[in-house]
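What follows is one structure encoded as structure tokens, with my remarks underneath.
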Amino acid sequence: AGAGGEGGDGTPNVAYEDIGGLDRELEQVREMIELPMRHPELFQQLGIEPPKGVLLHGPPGTGKTLIAKAVANEIDANFQTISGPEIMSKYYGESEEQLREVFDEAEENAPAIVFIDELDSIAPKRGETQGDVERRVVAQLLSLMDGLEERGDVTVIAATNRVDAIDPALRRGGRFDREIEIGVPDQDGRKEILQVHTRGMPLADEVDLDSFAENTHGFVGADIESLAKEAAMNALRRVRPEIDLEADEIDAELLESIRVTERDFKE
Ligand code: ATP
């Protein structure tokens, strides 16, 4: 559990086991990021450069941020986040400054992952909605990424729901030249995600995760997480009348008896 949390040292505490249903995508991410960071000599031997930037794209709530955090955690890398919309809301000149600071911080704490959420808001296609500020921020980002060449142990992961809206200059070689689609989970994926989010819950024996997985077509990871949390809250509400708020502790037998039932998921 603890998905999404951050350790005190700037390394997130999300593990690969906290991610459901994205085995193939995770394998690709590991090959692109974890392998070169752990064994740069492999890439030197082959005479190729590891990717500096990887673009994760797909609908909201499918686990893009989770993957970035898990990779950082797994290689014990520092994790720096940039929110696209937030950086664009800065005063004139401050966006570039802040980008530079984040990259400096990453470099100082390398190995590091710089995660850019909602890249499309920083780097919409030139000409479309791109004004002066966007142009300057994209130019700054490109120059910071070009500068990563010699540094080696900083990788940029960006996420977007709108891959077509991104400035093609950012998708060329040496920038975000690897792309991985993070799609809506299928039934097996939903089952795995349900398992992740009910792992710590006292489920009643009758609870059949297979049937929930079957009946939640269209749910993404974030939806499944709320479903599980809501079910647990329903279980809590059921025992609520028996709980004495004034008591120092909850009766151990009552605590032990709490189960999340089939009905709790359906309410
Ligand atoms: P956004 O585009 O909205 O930022 P995202 O793809 O980055 O979406 P996350 O922030 O990774 O989505 O997911 C939100 C939450 O949903 C996660 O903290 C996690 O609890 C849950 N979640 C999403 N996808 C998965 C998954 N594949 N396995 C387990 N949990 C998931």
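How things are named: the first chain in the structure tokens is A, the next is B, and so on; residues count from 1 in each chain; ligands count from 1 in the order shown.
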Counting only C-alpha atoms and all ligand atoms, which residues in chain A sit no more than 7 Å from ligand 1? For each one, give the nearest pair of atoms and the distance in Å, sorted by chain then residue number, as a Markdown table.
```
| residue | atom | partner | partner_atom_place_in_ligand_line | distance |
| --- | --- | --- | --- | --- |
| A:Ala3 | CA | ligand 1 | 18 (O) | 5.6 |
| A:Gly4 | CA | ligand 1 | 18 (O) | 5.1 |
| A:Asp18 | CA | ligand 1 | 29 (C) | 5.7 |
| A:Ile19 | CA | ligand 1 | 28 (N) | 3.7 |
| A:Gly20 | CA | ligand 1 | 28 (N) | 3.8 |
| A:Gly21 | CA | ligand 1 | 27 (N) | 5.7 |
| A:Leu22 | CA | ligand 1 | 27 (N) | 6.1 |
| A:Gly58 | CA | ligand 1 | 6 (O) | 6.9 |
| A:Pro59 | CA | ligand 1 | 2 (O) | 6.2 |
| A:Pro60 | CA | ligand 1 | 2 (O) | 3.6 |
| A:Gly61 | CA | ligand 1 | 12 (O) | 3.4 |
| A:Thr62 | CA | ligand 1 | 6 (O) | 3.9 |
| A:Gly63 | CA | ligand 1 | 11 (O) | 3.1 |
| A:Lys64 | CA | ligand 1 | 6 (O) | 3.8 |
| A:Thr65 | CA | ligand 1 | 7 (O) | 3.7 |
| A:Leu66 | CA | ligand 1 | 11 (O) | 3.9 |
| A:Ile67 | CA | ligand 1 | 11 (O) | 6.7 |
| A:Asp117 | CA | ligand 1 | 4 (O) | 6.5 |
| A:Glu118 | CA | ligand 1 | 2 (O) | 6.9 |
| A:Ala159 | CA | ligand 1 | 2 (O) | 6.8 |
| A:Thr160 | CA | ligand 1 | 2 (O) | 6.3 |
| A:Asn161 | CA | ligand 1 | 2 (O) | 6.0 |
| A:Ile193 | CA | ligand 1 | 28 (N) | 4.7 |
| A:Val196 | CA | ligand 1 | 29 (C) | 6.2 |
| A:His197 | CA | ligand 1 | 29 (C) | 7.0 |
| A:Val220 | CA | ligand 1 | 24 (N) | 6.3 |
| A:Gly221 | CA | ligand 1 | 23 (C) | 3.4 |
| A:Ala222 | CA | ligand 1 | 16 (O) | 3.2 |
| A:Asp223 | CA | ligand 1 | 16 (O) | 6.9 |
| A:Glu225 | CA | ligand 1 | 21 (C) | 5.5 |
```
Running DSSP on the backbone, which parts of region 51-128 of chain A land in helix (DSSP H, G or I), as a count of residues only? 35
Residue neighbourhood region 202-210 of chain A, 6 Å, only C-alpha atoms, exclusion window fewer than 6 positions, as a list in words: Arg259, Val260, Thr261 and Glu262 of chain A
Hey, which of A:Met233, A:Leu227, A:Ala123, A:Val29 ends up closest to Gly53 (chain A)? Count only C-alpha atoms.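 Distance minimum relative to Gly53 (chain A) lands on A:Val29.
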Sorted per-residue table, region 129-221 of chain A near region 95-116 of chain A, closest atoms and distance, 12 Å, only C-alpha atoms, as JSON lines:
```
{"residue": "A:Val133", "atom": "CA", "partner": "A:Ser95", "partner_atom": "CA", "distance": 8.5}
{"residue": "A:Glu134", "atom": "CA", "partner": "A:Ser95", "partner_atom": "CA", "distance": 9.5}
{"residue": "A:Arg135", "atom": "CA", "partner": "A:Glu96", "partner_atom": "CA", "distance": 10.7}
{"residue": "A:Arg136", "atom": "CA", "partner": "A:Glu96", "partner_atom": "CA", "distance": 7.5}
{"residue": "A:Val137", "atom": "CA", "partner": "A:Glu96", "partner_atom": "CA", "distance": 5.6}
{"residue": "A:Val138", "atom": "CA", "partner": "A:Glu96", "partner_atom": "CA", "distance": 8.9}
{"residue": "A:Ala139", "atom": "CA", "partner": "A:Glu96", "partner_atom": "CA", "distance": 9.0}
{"residue": "A:Gln140", "atom": "CA", "partner": "A:Glu96", "partner_atom": "CA", "distance": 6.1}
{"residue": "A:Leu141", "atom": "CA", "partner": "A:Leu99", "partner_atom": "CA", "distance": 7.2}
{"residue": "A:Leu142", "atom": "CA", "partner": "A:Leu99", "partner_atom": "CA", "distance": 10.8}
{"residue": "A:Ser143", "atom": "CA", "partner": "A:Arg100", "partner_atom": "CA", "distance": 9.8}
{"residue": "A:Leu144", "atom": "CA", "partner": "A:Arg100", "partner_atom": "CA", "distance": 7.2}
{"residue": "A:Met145", "atom": "CA", "partner": "A:Phe103", "partner_atom": "CA", "distance": 8.9}
{"residue": "A:Asp146", "atom": "CA", "partner": "A:Phe103", "partner_atom": "CA", "distance": 11.7}
{"residue": "A:Gly147", "atom": "CA", "partner": "A:Phe103", "partner_atom": "CA", "distance": 9.9}
{"residue": "A:Leu148", "atom": "CA", "partner": "A:Glu107", "partner_atom": "CA", "distance": 8.8}
{"residue": "A:Glu149", "atom": "CA", "partner": "A:Glu107", "partner_atom": "CA", "distance": 11.8}
{"residue": "A:Glu150", "atom": "CA", "partner": "A:Glu107", "partner_atom": "CA", "distance": 11.0}
{"residue": "A:Arg151", "atom": "CA", "partner": "A:Glu107", "partner_atom": "CA", "distance": 7.6}
{"residue": "A:Gly152", "atom": "CA", "partner": "A:Pro111", "partner_atom": "CA", "distance": 8.7}
{"residue": "A:Asp153", "atom": "CA", "partner": "A:Pro111", "partner_atom": "CA", "distance": 5.0}
{"residue": "A:Val154", "atom": "CA", "partner": "A:Ala112", "partner_atom": "CA", "distance": 4.9}
{"residue": "A:Thr155", "atom": "CA", "partner": "A:Ile113", "partner_atom": "CA", "distance": 5.1}
{"residue": "A:Val156", "atom": "CA", "partner": "A:Val114", "partner_atom": "CA", "distance": 4.7}
{"residue": "A:Ile157", "atom": "CA", "partner": "A:Phe115", "partner_atom": "CA", "distance": 4.9}
{"residue": "A:Ala158", "atom": "CA", "partner": "A:Ile116", "partner_atom": "CA", "distance": 4.5}
{"residue": "A:Ala159", "atom": "CA", "partner": "A:Ile116", "partner_atom": "CA", "distance": 6.3}
{"residue": "A:Thr160", "atom": "CA", "partner": "A:Ile116", "partner_atom": "CA", "distance": 8.8}
{"residue": "A:Phe176", "atom": "CA", "partner": "A:Ile116", "partner_atom": "CA", "distance": 11.4}
```
Polymer residues at most 9 Å from Ile75 (chain A), only C-alpha atoms, same-chain spacing of 6 or more positions, as a PyMOL selection string: chain A and resi 34+37-38+111
9 Å contact set for Glu49 (chain A), only C-alpha atoms, chain neighbours under 5 positions out, as a list in words: Pro36, Phe43, Gln44, Glu149 and Gly174 of chain A
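If you measure from each of A:Leu35, A:Asn215, A:Leu46, A:Gly10 to Gln80 (chain A) using only C-alpha atoms, the closest one turns out to be A:Gly10.
CA of His217 (chain A) sits 13.9 Å away from CA of Glu192 (chain A).
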Choose the residue, out of A:Ile166, A:Arg30, A:Ala235, A:Asp186, that has the smallest atom-to-atom separation from Ala72 (chain A); count only C-alpha atoms. A:Arg30
Enumerate as a list in words all residues of region 72-256 of chain A assigned to strand (DSSP E) by DSSP on the backbone, naming them with the chain letters and numbers the document uses.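 Taking region 72-256 of chain A and keeping strand (DSSP E) only, one gets Asn78, Phe79, Gln80, Thr81, Ile82, Ser83, Ala112, Ile113, Val114, Phe115, Ile116, Asp117, Val154, Thr155, Val156, Ile157, Ala158, Ala159, Thr160, Phe176, Asp177, Arg178, Glu179, Ile180 and Glu181 of chain A.
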To one decimal place, how far is CA of Leu26 (chain A) from CA of Asn73 (chain A) in Å?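 The value is 13.5 Å.
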Report as a Markdown table: every residue of region 179-245 of chain A with an atom at most 8 Å from region 54-57 of chain A, its closest pair of atoms, and their distance in Å to one decimal, counting only C-alpha atoms, with rows sorted by chain and ascending residue number.
```
| residue | atom | partner | partner_atom | distance |
| --- | --- | --- | --- | --- |
| A:Glu179 | CA | A:Leu55 | CA | 4.7 |
| A:Ile180 | CA | A:Leu56 | CA | 5.0 |
| A:Glu181 | CA | A:His57 | CA | 5.0 |
| A:Ile182 | CA | A:His57 | CA | 5.8 |
```
Selection to disk with N, CA, C and O atoms, as an mmCIF file, in the first residue's frame:
```
data_model
loop_
_atom_site.group_PDB
_atom_site.id
_atom_site.type_symbol
_atom_site.label_atom_id
_atom_site.label_comp_id
_atom_site.auth_asym_id
_atom_site.auth_seq_id
_atom_site.Cartn_x
_atom_site.Cartn_y
_atom_site.Cartn_z
ATOM 1 N N GLU A 179 8.088 6.349 -26.806
ATOM 2 C CA GLU A 179 6.710 6.568 -26.367
ATOM 3 C C GLU A 179 6.089 5.255 -25.945
ATOM 4 O O GLU A 179 6.270 4.242 -26.620
ATOM 5 N N ILE A 180 5.398 5.287 -24.861
ATOM 6 C CA ILE A 180 4.716 4.080 -24.405
ATOM 7 C C ILE A 180 3.268 4.429 -24.117
ATOM 8 O O ILE A 180 2.979 5.382 -23.381
ATOM 9 N N GLU A 181 2.371 3.665 -24.710
ATOM 10 C CA GLU A 181 0.960 3.925 -24.474
ATOM 11 C C GLU A 181 0.502 3.185 -23.216
ATOM 12 O O GLU A 181 0.739 1.985 -23.058
ATOM 13 N N ILE A 182 -0.122 3.924 -22.321
ATOM 14 C CA ILE A 182 -0.680 3.326 -21.113
ATOM 15 C C ILE A 182 -2.195 3.375 -21.283
ATOM 16 O O ILE A 182 -2.815 4.424 -21.116
#
```
What lies within 6 Å of region 68-70 of chain A using only C-alpha atoms, ignoring chain neighbours under 3 positions off, as a ChimeraX atom specification? /A:12,14-16,65,73-74
Given only C-alpha atoms as the basis, pick out the residue of A:Pro185, A:Glu94, A:Thr198, A:Ser257 nearest to Asp23 (chain A). A:Pro185
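Of the listed residues (A:Leu194, A:Met88, A:Phe79, A:Asp164), A:Leu194 comes nearest to Ser211 (chain A); the distances count only C-alpha atoms.
The gap separating CA of Gln28 (chain A) from CA of Gly183 (chain A) is 14.1 Å, in Å to one decimal.
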